[in-house]
Amino acid sequence: MKIDKTINGDQIIINVEGHLDTNTSPQLETVLNEILDGNRVNLVIDFSKLEYLSSAGLRTLLTAQKKTNEVVGNLVIKHVNPTVMEVLKLTGFSEFLTIDND
Amino acid sequence: MKFIHLNDTIYIHKIEGGILLKEITIPAEKNNLDSLHKFIDNELKNYDCTKEFISQIKIIVDEIFSNISSYAYTSNYSGPKNMKLTINHDSDKVFLKFEDSGVPYNPLLSESPDITLSIEERNIGGLGIFLVKNLSDNIDYKYEQGKNILTIIKKISS
């Protein structure tokens with residue numbers, strides 16, 4: 001898995017490439033925690049190069065969304081492929097995540 | 001029967017009842033997940049299935065292997081702490097068989113998460129098996145001769 005961080009004004013864009021599984025999700029969690037523990041909370045996670053995610057990836061997203069809510073921040077997940085979308089819908093995560101597929 | 005050794009991983013190709021079975025036996029340690037991914041890529045690339053289908057198979061394998069590597073073997077288990085995955089297929093289905101010699105554990109008995117709860121009330125427990133159940137067409141568990149045997153059938157979508 002590859003994680004790229006781009007800063008665009010007050011917005012941070014995280015690009016995730018590959019898959020979010022038991023082994024790789026902690027890497028994303030570390031990156032997100034560093035951001036969410038700071039002042040910057042205008043966050044975009046770009047999944048256009050994400051192949052799939054398992055429950056470990058869901059755990060990471062749940063934690064990130066909870067932290068974002070605590071600091072009244074903004075977290076948008078972009079470019080979700082059909083496999084990832086199905087997992088988010090099946091588990092009800094699509095109800096509380098902000099997903100922008102345009 | 002053909003044996004292929006790659007590091008500490010053993011691949012076996014054998015014919016049973018006219019069906020070609022592909023097996024991989026690996027130590028049940030989380031960092032071996034990549035070996036399973038390679039094995040699956042290698043097997044499924046010849047099937048007429050979509051990349052979404054392959055991703056769903058990988059999610060299933062991730063979840064089951066993650067459970068086995070986390071919980072199957074206690075620290076005082078003295079034998080090899082392995083997991084065996086067998087894969088085969090017919091014209092419209094893929095069959096996955098997971099075997100380990102750890103403590104008896106039927107994942108089908110795990111409670112399904114309440115997916116209607118709000119984010120504040122949500123926790124992550126049970127989501128892995130919940131996903132496996134939803135992405136599979138049939139799951140069967142049995143404990144036989146000291147082994148957990150989980151068989152999963154998934155219809156090929158193309």
# chains A, B, ... in the order shown; residues from 1 in each chain; ligands from 1
$ closest_atom_pairs --of "chain B" --to "chain A" --cutoff "12 Å" --atoms "only C-alpha atoms" --output "CSV"
residue,atom,partner,partner_atom,distance
B:Glu29,CA,A:Asn23,CA,10.6
B:Lys30,CA,A:Asn23,CA,6.9
B:Asn31,CA,A:Asn23,CA,6.9
B:Asn32,CA,A:Asn23,CA,9.5
B:Leu33,CA,A:Asn23,CA,7.9
B:Asp34,CA,A:Asn23,CA,9.2
B:His37,CA,A:His19,CA,10.8
B:Thr50,CA,A:Thr83,CA,10.9
B:Lys51,CA,A:Glu51,CA,9.0
B:Glu52,CA,A:Thr83,CA,5.8
B:Phe53,CA,A:Thr83,CA,8.4
B:Ile54,CA,A:Tyr52,CA,9.8
B:Ser55,CA,A:Tyr52,CA,6.1
B:Gln56,CA,A:Thr83,CA,7.2
B:Ile57,CA,A:Tyr52,CA,10.4
B:Lys58,CA,A:Tyr52,CA,8.5
B:Ile59,CA,A:Ser54,CA,5.5
B:Ile60,CA,A:Ser54,CA,8.2
B:Val61,CA,A:Ser54,CA,9.6
B:Asp62,CA,A:Asp21,CA,6.8
B:Glu63,CA,A:Ser54,CA,6.9
B:Ile64,CA,A:Ser54,CA,10.7
B:Phe65,CA,A:Thr22,CA,9.5
B:Ser66,CA,A:Thr22,CA,6.8
B:Asn67,CA,A:Thr22,CA,10.0
B:Ser69,CA,A:Thr22,CA,10.6
B:Ser70,CA,A:Thr22,CA,10.5
B:Ser112,CA,A:Thr91,CA,10.3
B:Pro113,CA,A:Thr91,CA,8.5
B:Asp114,CA,A:Thr91,CA,8.8
B:Ile115,CA,A:Gly92,CA,5.1
B:Thr116,CA,A:Gly92,CA,6.5
B:Leu117,CA,A:Gly92,CA,8.4
B:Ser118,CA,A:Phe96,CA,7.5
B:Ile119,CA,A:Phe96,CA,6.4
B:Glu120,CA,A:Lys66,CA,7.2
B:Glu121,CA,A:Lys66,CA,10.4
B:Arg122,CA,A:Leu62,CA,8.3
B:Asn123,CA,A:Arg59,CA,8.1
B:Ile124,CA,A:Arg59,CA,5.9
B:Gly125,CA,A:Ser55,CA,9.2
B:Gly126,CA,A:Ser55,CA,8.9
B:Leu127,CA,A:Ser55,CA,6.0
B:Gly128,CA,A:Ser55,CA,5.1
B:Ile129,CA,A:Ser55,CA,8.8
B:Phe130,CA,A:Thr91,CA,8.1
B:Leu131,CA,A:Val87,CA,7.3
B:Val132,CA,A:Ser54,CA,9.7
B:Lys133,CA,A:Leu90,CA,10.7
B:Asn134,CA,A:Leu90,CA,7.7
B:Leu135,CA,A:Val87,CA,9.0
$ select_by_dssp --residues "chain A" --states "alpha helix (DSSP H)" --output "ChimeraX atom specification"
/A:25-36,55-70,82-90
$ atom_distance --atom1 "atom CA of B:Gln145" --atom2 "atom CA of B:Ser101"
8.9 Å
$ closest_residue --among "B:Ile153, B:Met83, B:Ile40, B:Val94" --to "B:Pro27" --atoms "only C-alpha atoms"
B:Met83
$ decode --residues "stretch 133-154 of chain B" --atoms "N, CA, C and O atoms" --output "tab-separated table (two decimals), in the first residue's frame"
chain	number	residue	atom	x	y	z
B	133	LYS	N	-19.91	-13.25	5.58
B	133	LYS	CA	-21.24	-13.84	5.36
B	133	LYS	C	-21.94	-13.16	4.19
B	133	LYS	O	-22.60	-13.82	3.38
B	134	ASN	N	-21.81	-11.86	4.11
B	134	ASN	CA	-22.52	-11.12	3.06
B	134	ASN	C	-21.88	-11.25	1.68
B	134	ASN	O	-22.55	-11.06	0.67
B	135	LEU	N	-20.59	-11.53	1.65
B	135	LEU	CA	-19.90	-11.64	0.36
B	135	LEU	C	-19.85	-13.08	-0.14
B	135	LEU	O	-19.36	-13.34	-1.23
B	136	SER	N	-20.34	-14.03	0.68
B	136	SER	CA	-20.29	-15.45	0.29
B	136	SER	C	-21.68	-15.94	-0.05
B	136	SER	O	-22.68	-15.39	0.40
B	137	ASP	N	-21.75	-17.02	-0.82
B	137	ASP	CA	-23.04	-17.62	-1.13
B	137	ASP	C	-23.36	-18.78	-0.20
B	137	ASP	O	-24.51	-19.12	0.01
B	138	ASN	N	-22.32	-19.42	0.33
B	138	ASN	CA	-22.53	-20.52	1.27
B	138	ASN	C	-21.31	-20.65	2.17
B	138	ASN	O	-20.19	-20.57	1.70
B	139	ILE	N	-21.55	-20.86	3.48
B	139	ILE	CA	-20.45	-21.07	4.41
B	139	ILE	C	-20.77	-22.28	5.28
B	139	ILE	O	-21.90	-22.42	5.75
B	140	ASP	N	-19.78	-23.12	5.47
B	140	ASP	CA	-19.99	-24.29	6.30
B	140	ASP	C	-18.81	-24.44	7.25
B	140	ASP	O	-17.66	-24.30	6.84
B	141	TYR	N	-19.11	-24.69	8.53
B	141	TYR	CA	-18.03	-24.88	9.51
B	141	TYR	C	-18.14	-26.26	10.12
B	141	TYR	O	-19.25	-26.74	10.41
B	142	LYS	N	-17.01	-26.92	10.28
B	142	LYS	CA	-17.00	-28.15	11.08
B	142	LYS	C	-15.66	-28.29	11.80
B	142	LYS	O	-14.65	-27.72	11.36
B	143	TYR	N	-15.71	-29.01	12.94
B	143	TYR	CA	-14.49	-29.29	13.67
B	143	TYR	C	-14.29	-30.79	13.59
B	143	TYR	O	-15.13	-31.56	14.04
B	144	GLU	N	-13.19	-31.21	12.97
B	144	GLU	CA	-12.97	-32.62	12.70
B	144	GLU	C	-11.52	-32.98	12.90
B	144	GLU	O	-10.64	-32.30	12.35
B	145	GLN	N	-11.29	-34.02	13.64
B	145	GLN	CA	-9.94	-34.53	13.88
B	145	GLN	C	-8.99	-33.41	14.28
B	145	GLN	O	-7.89	-33.26	13.73
B	146	GLY	N	-9.45	-32.62	15.24
B	146	GLY	CA	-8.60	-31.55	15.77
B	146	GLY	C	-8.43	-30.36	14.86
B	146	GLY	O	-7.53	-29.55	15.06
B	147	LYS	N	-9.28	-30.26	13.87
B	147	LYS	CA	-9.13	-29.14	12.93
B	147	LYS	C	-10.41	-28.33	12.76
B	147	LYS	O	-11.51	-28.89	12.66
B	148	ASN	N	-10.24	-27.02	12.73
B	148	ASN	CA	-11.32	-26.13	12.28
B	148	ASN	C	-11.32	-26.15	10.77
B	148	ASN	O	-10.28	-25.89	10.14
B	149	ILE	N	-12.46	-26.46	10.19
B	149	ILE	CA	-12.55	-26.50	8.72
B	149	ILE	C	-13.70	-25.59	8.29
B	149	ILE	O	-14.87	-25.84	8.61
B	150	LEU	N	-13.35	-24.53	7.60
B	150	LEU	CA	-14.35	-23.57	7.14
B	150	LEU	C	-14.37	-23.59	5.62
B	150	LEU	O	-13.34	-23.37	4.98
B	151	THR	N	-15.53	-23.91	5.06
B	151	THR	CA	-15.65	-23.99	3.60
B	151	THR	C	-16.57	-22.88	3.11
B	151	THR	O	-17.67	-22.71	3.64
B	152	ILE	N	-16.11	-22.15	2.14
B	152	ILE	CA	-16.88	-21.03	1.61
B	152	ILE	C	-17.07	-21.21	0.11
B	152	ILE	O	-16.13	-21.56	-0.62
B	153	ILE	N	-18.29	-20.97	-0.33
B	153	ILE	CA	-18.58	-21.03	-1.77
B	153	ILE	C	-19.01	-19.65	-2.22
B	153	ILE	O	-19.84	-19.00	-1.57
B	154	LYS	N	-18.43	-19.21	-3.31
B	154	LYS	CA	-18.84	-17.92	-3.88
B	154	LYS	C	-19.10	-18.10	-5.37
B	154	LYS	O	-18.25	-18.62	-6.09
